[in-house]
>>> print(open('data-v1.csv').read())   # CSV, C-alpha atoms
chain,number,residue,atom,x,y,z
I,1033,MET,CA,7.0,23.4,-5.5
I,1034,ARG,CA,5.9,25.3,-8.6
I,1035,THR,CA,2.2,25.3,-9.3
I,1036,GLY,CA,0.2,26.4,-12.3
I,1037,TRP,CA,0.3,23.1,-14.2
I,1038,ASP,CA,-3.1,21.5,-15.1
I,1039,PRO,CA,-3.5,17.8,-14.5
I,1040,GLY,CA,-3.5,16.9,-18.2
I,1041,ARG,CA,-0.1,18.6,-18.9
I,1042,LEU,CA,1.3,17.1,-15.7
I,1043,ALA,CA,0.2,13.6,-16.6
I,1044,GLY,CA,1.7,14.0,-20.0
I,1045,LEU,CA,5.0,15.2,-18.5
I,1046,VAL,CA,5.1,12.2,-16.1
I,1047,TRP,CA,4.4,9.8,-18.9
I,1048,THR,CA,7.1,11.3,-21.1
I,1049,LEU,CA,9.7,11.1,-18.3
I,1050,VAL,CA,8.8,7.5,-17.3
I,1051,ARG,CA,8.8,6.4,-21.0
I,1052,THR,CA,12.2,8.1,-21.5
I,1053,ASP,CA,13.7,6.5,-18.5
I,1054,PHE,CA,12.4,3.1,-19.5
I,1055,THR,CA,13.6,3.5,-23.1
I,1056,THR,CA,17.0,4.8,-22.1
I,1057,ARG,CA,17.6,1.9,-19.8
I,1058,TYR,CA,17.2,-0.7,-22.5
I,1059,HIS,CA,18.4,1.3,-25.5
I,1060,GLY,CA,21.1,-0.4,-27.6
I,1061,THR,CA,20.6,-3.8,-25.9
I,1062,ILE,CA,19.9,-6.9,-28.0
I,1063,GLY,CA,16.9,-8.0,-25.9
I,1064,GLY,CA,15.5,-4.5,-25.8
I,1065,TYR,CA,12.3,-4.1,-23.8
I,1066,LEU,CA,12.3,-7.9,-23.3
I,1067,TRP,CA,14.8,-7.4,-20.6
I,1068,ALA,CA,12.2,-5.6,-18.5
I,1069,LEU,CA,10.3,-9.0,-18.3
I,1070,LEU,CA,13.4,-11.3,-18.3
I,1071,LYS,CA,15.1,-9.6,-15.3
I,1072,PRO,CA,12.4,-10.3,-12.7
I,1073,LEU,CA,11.5,-13.6,-14.3
I,1074,THR,CA,15.1,-15.0,-14.4
I,1075,MET,CA,15.9,-13.7,-11.0
I,1076,PHE,CA,12.7,-15.4,-9.6
I,1077,LEU,CA,13.6,-18.7,-11.4
I,1078,VAL,CA,17.2,-18.6,-10.2
I,1079,LEU,CA,16.3,-17.8,-6.6
I,1080,MET,CA,13.5,-20.4,-6.6
I,1081,GLY,CA,15.9,-23.0,-8.0
I,1082,VAL,CA,18.6,-22.2,-5.4
I,1083,PHE,CA,16.3,-21.9,-2.4
I,1084,SER,CA,14.3,-25.1,-3.5
I,1085,PHE,CA,17.6,-26.9,-3.1
I,1086,VAL,CA,18.5,-25.3,0.2
I,1087,PHE,CA,15.0,-25.2,1.7
I,1088,SER,CA,13.4,-28.2,0.0
I,1089,ASN,CA,10.9,-28.8,2.8
I,1090,THR,CA,9.8,-25.3,3.5
I,1091,ALA,CA,8.0,-23.9,0.4
I,1092,ALA,CA,6.3,-21.1,2.4
I,1093,TYR,CA,9.7,-19.8,3.7
I,1094,ARG,CA,11.2,-20.1,0.2
I,1095,ILE,CA,8.5,-17.9,-1.4
I,1096,GLY,CA,8.5,-15.5,1.6
I,1097,LEU,CA,12.3,-15.1,1.3
I,1098,ILE,CA,12.1,-14.3,-2.5
I,1099,LEU,CA,9.2,-11.9,-1.9
I,1100,GLY,CA,11.2,-10.1,0.8
I,1101,LEU,CA,14.3,-9.8,-1.4
I,1102,PHE,CA,12.3,-8.2,-4.2
I,1103,LEU,CA,10.4,-5.8,-2.0
I,1104,TYR,CA,13.7,-4.7,-0.3
I,1105,GLU,CA,15.4,-4.4,-3.7
I,1106,PHE,CA,12.6,-1.9,-4.7
I,1107,PHE,CA,13.0,0.1,-1.6
I,1108,GLN,CA,16.8,0.2,-1.9
I,1109,GLU,CA,16.9,1.0,-5.6
I,1110,GLY,CA,14.0,3.4,-5.5
I,1111,THR,CA,15.4,5.5,-2.7
I,1112,ARG,CA,18.9,5.5,-4.3
I,1113,THR,CA,17.6,6.8,-7.6
I,1114,GLY,CA,15.3,9.2,-5.9
I,1115,LEU,CA,18.1,10.6,-3.8
I,1116,GLU,CA,20.3,11.2,-6.9
I,1117,SER,CA,17.4,12.3,-9.2
I,1118,LEU,CA,17.9,16.1,-9.1
I,1119,ARG,CA,21.6,15.9,-9.3
I,1120,ALA,CA,21.4,13.5,-12.2
I,1121,LYS,CA,18.6,15.2,-14.2
I,1122,GLY,CA,18.7,18.7,-12.9
I,1123,TYR,CA,19.8,19.9,-16.4
I,1124,LEU,CA,16.2,19.3,-17.6
I,1125,LEU,CA,15.1,22.2,-15.3
I,1126,THR,CA,17.1,24.6,-17.4
I,1127,LYS,CA,15.5,23.5,-20.6
I,1128,ALA,CA,11.8,23.7,-19.6
I,1129,ARG,CA,9.7,25.0,-16.8
I,1130,PHE,CA,8.0,22.3,-14.8
I,1131,PRO,CA,7.7,21.2,-11.1
I,1132,SER,CA,11.0,19.8,-10.1
I,1133,TRP,CA,9.4,17.3,-7.8
I,1134,VAL,CA,8.2,15.4,-10.9
I,1135,LEU,CA,11.8,14.4,-11.6
I,1136,VAL,CA,12.0,12.9,-8.1
I,1137,VAL,CA,8.8,10.9,-8.3
I,1138,THR,CA,9.4,9.6,-11.8
I,1139,SER,CA,13.0,8.5,-11.0
I,1140,THR,CA,11.6,5.4,-9.2
I,1141,SER,CA,9.6,4.3,-12.3
I,1142,ASN,CA,12.0,1.6,-13.5
I,1143,ALA,CA,12.3,0.0,-10.0
I,1144,LEU,CA,8.5,0.1,-9.8
I,1145,ILE,CA,8.0,-1.6,-13.2
I,1146,THR,CA,10.4,-4.3,-12.1
I,1147,LEU,CA,8.6,-4.9,-8.9
I,1148,THR,CA,5.2,-5.0,-10.7
I,1149,LEU,CA,6.5,-7.6,-13.2
I,1150,PHE,CA,7.9,-9.6,-10.4
I,1151,SER,CA,4.5,-9.5,-8.6
I,1152,VAL,CA,2.8,-10.9,-11.7
I,1153,VAL,CA,5.4,-13.7,-12.0
I,1154,LEU,CA,5.0,-14.5,-8.3
I,1155,THR,CA,1.2,-14.6,-8.6
I,1156,VAL,CA,1.3,-16.9,-11.6
I,1157,SER,CA,3.8,-19.1,-9.7
I,1158,LEU,CA,1.5,-19.3,-6.7
I,1159,ALA,CA,-1.5,-20.1,-8.9
I,1160,ALA,CA,0.4,-22.9,-10.7
I,1161,ALA,CA,1.3,-24.4,-7.3
I,1162,GLY,CA,-2.4,-24.4,-6.3
I,1163,ARG,CA,-1.9,-21.5,-3.8
I,1164,ALA,CA,-3.4,-18.6,-5.8
I,1165,PRO,CA,-4.2,-15.6,-3.5
I,1166,SER,CA,-7.8,-14.4,-3.5
I,1167,PRO,CA,-8.7,-11.2,-5.3
I,1168,ALA,CA,-9.1,-9.5,-1.9
I,1169,MET,CA,-5.6,-10.6,-0.9
I,1170,LEU,CA,-4.1,-9.4,-4.2
I,1171,ALA,CA,-5.8,-6.0,-3.7
I,1172,LEU,CA,-4.3,-5.8,-0.2
I,1173,TYR,CA,-0.9,-6.6,-1.6
I,1174,ALA,CA,-1.3,-4.0,-4.3
I,1175,TRP,CA,-2.2,-1.5,-1.5
I,1176,TYR,CA,1.0,-2.3,0.3
I,1177,ILE,CA,3.0,-1.7,-2.8
I,1178,VAL,CA,1.3,1.7,-3.1
I,1179,ILE,CA,2.2,2.5,0.5
I,1180,LEU,CA,5.8,1.4,-0.1
I,1181,PHE,CA,5.9,3.7,-3.1
I,1182,VAL,CA,4.7,6.6,-1.0
I,1183,ILE,CA,7.4,5.9,1.5
I,1184,VAL,CA,10.1,5.8,-1.2
I,1185,VAL,CA,8.8,9.1,-2.6
I,1186,GLY,CA,8.7,10.7,0.8
I,1187,PHE,CA,12.3,9.8,1.5
I,1188,SER,CA,13.4,10.8,-2.0
I,1189,LEU,CA,11.8,14.2,-1.9
I,1190,ALA,CA,13.8,15.1,1.2
I,1191,ALA,CA,17.0,13.3,0.2
I,1192,SER,CA,17.1,14.7,-3.3
I,1193,VAL,CA,17.2,18.4,-2.2
I,1194,LEU,CA,19.8,17.6,0.5
I,1195,PHE,CA,22.0,15.6,-1.8
I,1196,VAL,CA,22.7,18.4,-4.1
I,1197,LYS,CA,24.5,20.1,-1.3
I,1198,TYR,CA,25.7,17.2,0.9
I,1199,ARG,CA,27.3,14.9,-1.6
I,1200,ASP,CA,28.2,12.2,1.0
I,1201,LEU,CA,24.5,11.5,1.7
I,1202,ASN,CA,24.4,8.8,-1.0
I,1203,GLN,CA,27.3,7.0,0.6
I,1204,VAL,CA,25.7,7.2,4.1
I,1205,TRP,CA,22.4,6.0,2.7
I,1206,GLU,CA,24.1,3.0,1.0
I,1207,VAL,CA,25.6,1.9,4.3
I,1208,VAL,CA,22.2,2.4,6.0
I,1209,THR,CA,20.3,0.3,3.5
I,1210,HIS,CA,22.9,-2.4,3.5
I,1211,ALA,CA,22.7,-2.6,7.3
I,1212,GLY,CA,18.9,-2.3,7.1
I,1213,PHE,CA,18.8,-5.5,5.0
I,1214,PHE,CA,19.5,-7.4,8.2
I,1215,VAL,CA,17.1,-5.3,10.3
I,1216,ALA,CA,14.2,-6.1,8.0
I,1217,PRO,CA,12.9,-9.7,8.4
I,1218,ILE,CA,14.0,-10.9,5.0
I,1219,ILE,CA,16.1,-14.0,5.8
I,1220,TYR,CA,14.4,-14.7,9.1
I,1221,PRO,CA,10.8,-14.7,10.2
I,1222,ILE,CA,10.0,-11.8,12.6
I,1223,ASP,CA,8.5,-14.3,15.1
I,1224,VAL,CA,12.0,-15.7,16.0
I,1225,LEU,CA,12.7,-12.4,17.8
I,1226,PRO,CA,11.2,-11.4,21.2
I,1227,GLU,CA,8.0,-9.6,20.8
I,1228,ARG,CA,9.3,-6.6,22.7
I,1229,MET,CA,11.7,-6.0,19.8
I,1230,HIS,CA,9.0,-6.0,17.1
I,1231,PHE,CA,8.1,-2.3,17.6
I,1232,TYR,CA,11.6,-1.2,16.8
I,1233,LEU,CA,11.8,-3.4,13.7
I,1234,TYR,CA,8.5,-2.0,12.4
I,1235,LEU,CA,10.0,1.5,12.6
I,1236,TRP,CA,12.2,0.5,9.6
I,1237,PRO,CA,9.8,1.1,6.8
I,1238,PRO,CA,10.4,-2.1,4.7
I,1239,THR,CA,9.6,-4.3,7.7
I,1240,PRO,CA,5.8,-3.9,7.9
I,1241,ILE,CA,5.5,-4.1,4.1
I,1242,ILE,CA,7.4,-7.3,3.9
I,1243,VAL,CA,5.6,-8.9,6.9
I,1244,PHE,CA,2.1,-7.8,5.8
I,1245,SER,CA,2.8,-8.9,2.1
I,1246,ARG,CA,3.8,-12.3,3.3
I,1247,HIS,CA,0.6,-12.6,5.4
I,1248,VAL,CA,-1.7,-11.8,2.5
I,1249,LEU,CA,0.0,-13.6,-0.3
I,1250,ILE,CA,1.4,-16.7,1.4
I,1251,ASP,CA,-0.7,-17.2,4.6
I,1252,GLY,CA,-3.9,-15.8,3.3
I,1253,ALA,CA,-4.3,-13.8,6.5
I,1254,VAL,CA,-5.2,-10.1,6.9
I,1255,PRO,CA,-3.1,-8.1,9.3
I,1256,SER,CA,-5.1,-6.4,12.1
I,1257,ALA,CA,-6.8,-3.1,11.5
I,1258,ARG,CA,-4.6,-1.4,14.0
I,1259,ALA,CA,-1.5,-2.7,12.2
I,1260,ASN,CA,-2.8,-1.3,8.9
I,1261,VAL,CA,-3.6,2.0,10.4
I,1262,LEU,CA,-0.1,2.3,11.9
I,1263,LEU,CA,1.4,1.5,8.6
I,1264,VAL,CA,-0.6,4.2,6.8
I,1265,LEU,CA,0.3,6.6,9.6
I,1266,GLU,CA,4.0,5.8,9.2
I,1267,ALA,CA,3.9,6.3,5.4
I,1268,ALA,CA,1.9,9.6,5.9
I,1269,ILE,CA,4.5,10.9,8.3
I,1270,ILE,CA,7.4,10.0,6.0
I,1271,LEU,CA,5.7,11.7,3.0
I,1272,ALA,CA,4.8,14.8,5.1
I,1273,VAL,CA,8.3,15.2,6.3
I,1274,GLY,CA,9.7,14.7,2.8
I,1275,CYS,CA,7.3,17.3,1.4
I,1276,TRP,CA,8.2,19.7,4.2
I,1277,VAL,CA,12.0,19.3,3.7
I,1278,TYR,CA,11.6,19.6,-0.1
I,1279,GLY,CA,9.5,22.7,0.2
I,1280,LYS,CA,12.1,24.3,2.4
I,1281,ARG,CA,15.1,23.6,0.2
I,1282,ALA,CA,13.8,23.3,-3.3
I,1283,ARG,CA,14.4,27.0,-4.2
I,1284,SER,CA,18.1,26.6,-3.4
I,1285,VAL,CA,18.6,23.5,-5.6
I,1286,PRO,CA,19.7,25.5,-8.8
I,1287,GLU,CA,22.6,27.0,-6.8
I,1288,TYR,CA,24.2,23.6,-6.5
I,1289,LEU,CA,23.4,22.1,-9.9
>>> encode(input="data-v1.csv", output="structure tokens")
Amino acid sequence: MRTGWDPGRLAGLVWTLVRTDFTTRYHGTIGGYLWALLKPLTMFLVLMGVFSFVFSNTAAYRIGLILGLFLYEFFQEGTRTGLESLRAKGYLLTKARFPSWVLVVTSTSNALITLTLFSVVLTVSLAAAGRAPSPAMLALYAWYIVILFVIVVGFSLAASVLFVKYRDLNQVWEVVTHAGFFVAPIIYPIDVLPERMHFYLYLWPPTPIIVFSRHVLIDGAVPSARANVLLVLEAAIILAVGCWVYGKRARSVPEYL
């Protein structure tokens, strides 16, 4: 990674890229920026309406299912855009000198904004139903979002520099994430499976995020200290590996752009 950028200039660059991505996404639409709010809101209302009909007597399961769907959607969309980021926006590197990893990190901004807005909608919905999470539980949930973001960035750093050479990687990852949807406990509670299988499910990064988020937002329970430490360790390993792969291959990226 190139260095020599002071924090102020780097922050300004990140803001410019995030703002540009956000503006480009909704440019020319009738609703404009309103779609940024309407997408998570309408999806939440539609899913709530459908699942209220199907699971009329299990409100906790209904909310947990919707939460799992949105968290996994962020993971799937964030890693996809991160994987394709250098290939899609590599031309910017020829127009200005800046650390190329910034393109990778900021590529997940739209998915993160959608997840943030959904989290606000979900919190308001829980409060309206008389099940508002405490400030401590909301803080823990926010922490899990940060960890999930770190995981997505770690994967994206490695995948983005590999994708410029190995173009089939996006197809492979699409298959993996589609299969991973059924590995993560989204449509089923993890407790329905034998406990001996839980360890392997937790190796799939979205699994602990989904399970722990349900615990703090819906059940009002804090996962054990050991579970939280293992989650942080898993995220740290993914980020470290991603940075290592990126550092090894970043110099060769211009050859394939």
>>> closest_residue(input="data-v1.csv", among="I:Ser1245, I:Ala1092, I:Trp1236, I:Leu1115", to="I:Trp1175", atoms="all atoms listed in the file")
I:Ser1245
>>> atom_distance(input="data-v1.csv", atom1="atom CA of I:Gly1212", atom2="atom CA of I:Gly1274")
19.8 Å
>>> atom_distance(input="data-v1.csv", atom1="atom CA of I:Ile1242", atom2="atom CA of I:Val1050")
25.9 Å
>>> residues_around(input="data-v1.csv", residues="I:Val1193", least_positions_apart="3", cutoff="12 Å", atoms="all atoms listed in the file", output="PyMOL selection string")
chain I and resi 1033+1114-1120+1122+1132-1133+1135-1136+1186-1190+1196-1199+1201+1274-1289
>>> closest_residue(input="data-v1.csv", among="I:Leu1225, I:Leu1158, I:Arg1163, I:Ile1179", to="I:Leu1262", atoms="all atoms listed in the file")
I:Ile1179
>>> closest_residue(input="data-v1.csv", among="I:Thr1155, I:Asn1202, I:Gln1108, I:Asn1260", to="I:Val1243", atoms="all atoms listed in the file")
I:Asn1260
>>> atom_distance(input="data-v1.csv", atom1="atom CA of I:Glu1109", atom2="atom CA of I:Tyr1173")
19.8 Å
>>> closest_residue(input="data-v1.csv", among="I:Glu1227, I:Asp1200, I:Asp1251, I:Glu1206", to="I:Tyr1093", atoms="only C-alpha atoms")
I:Asp1251
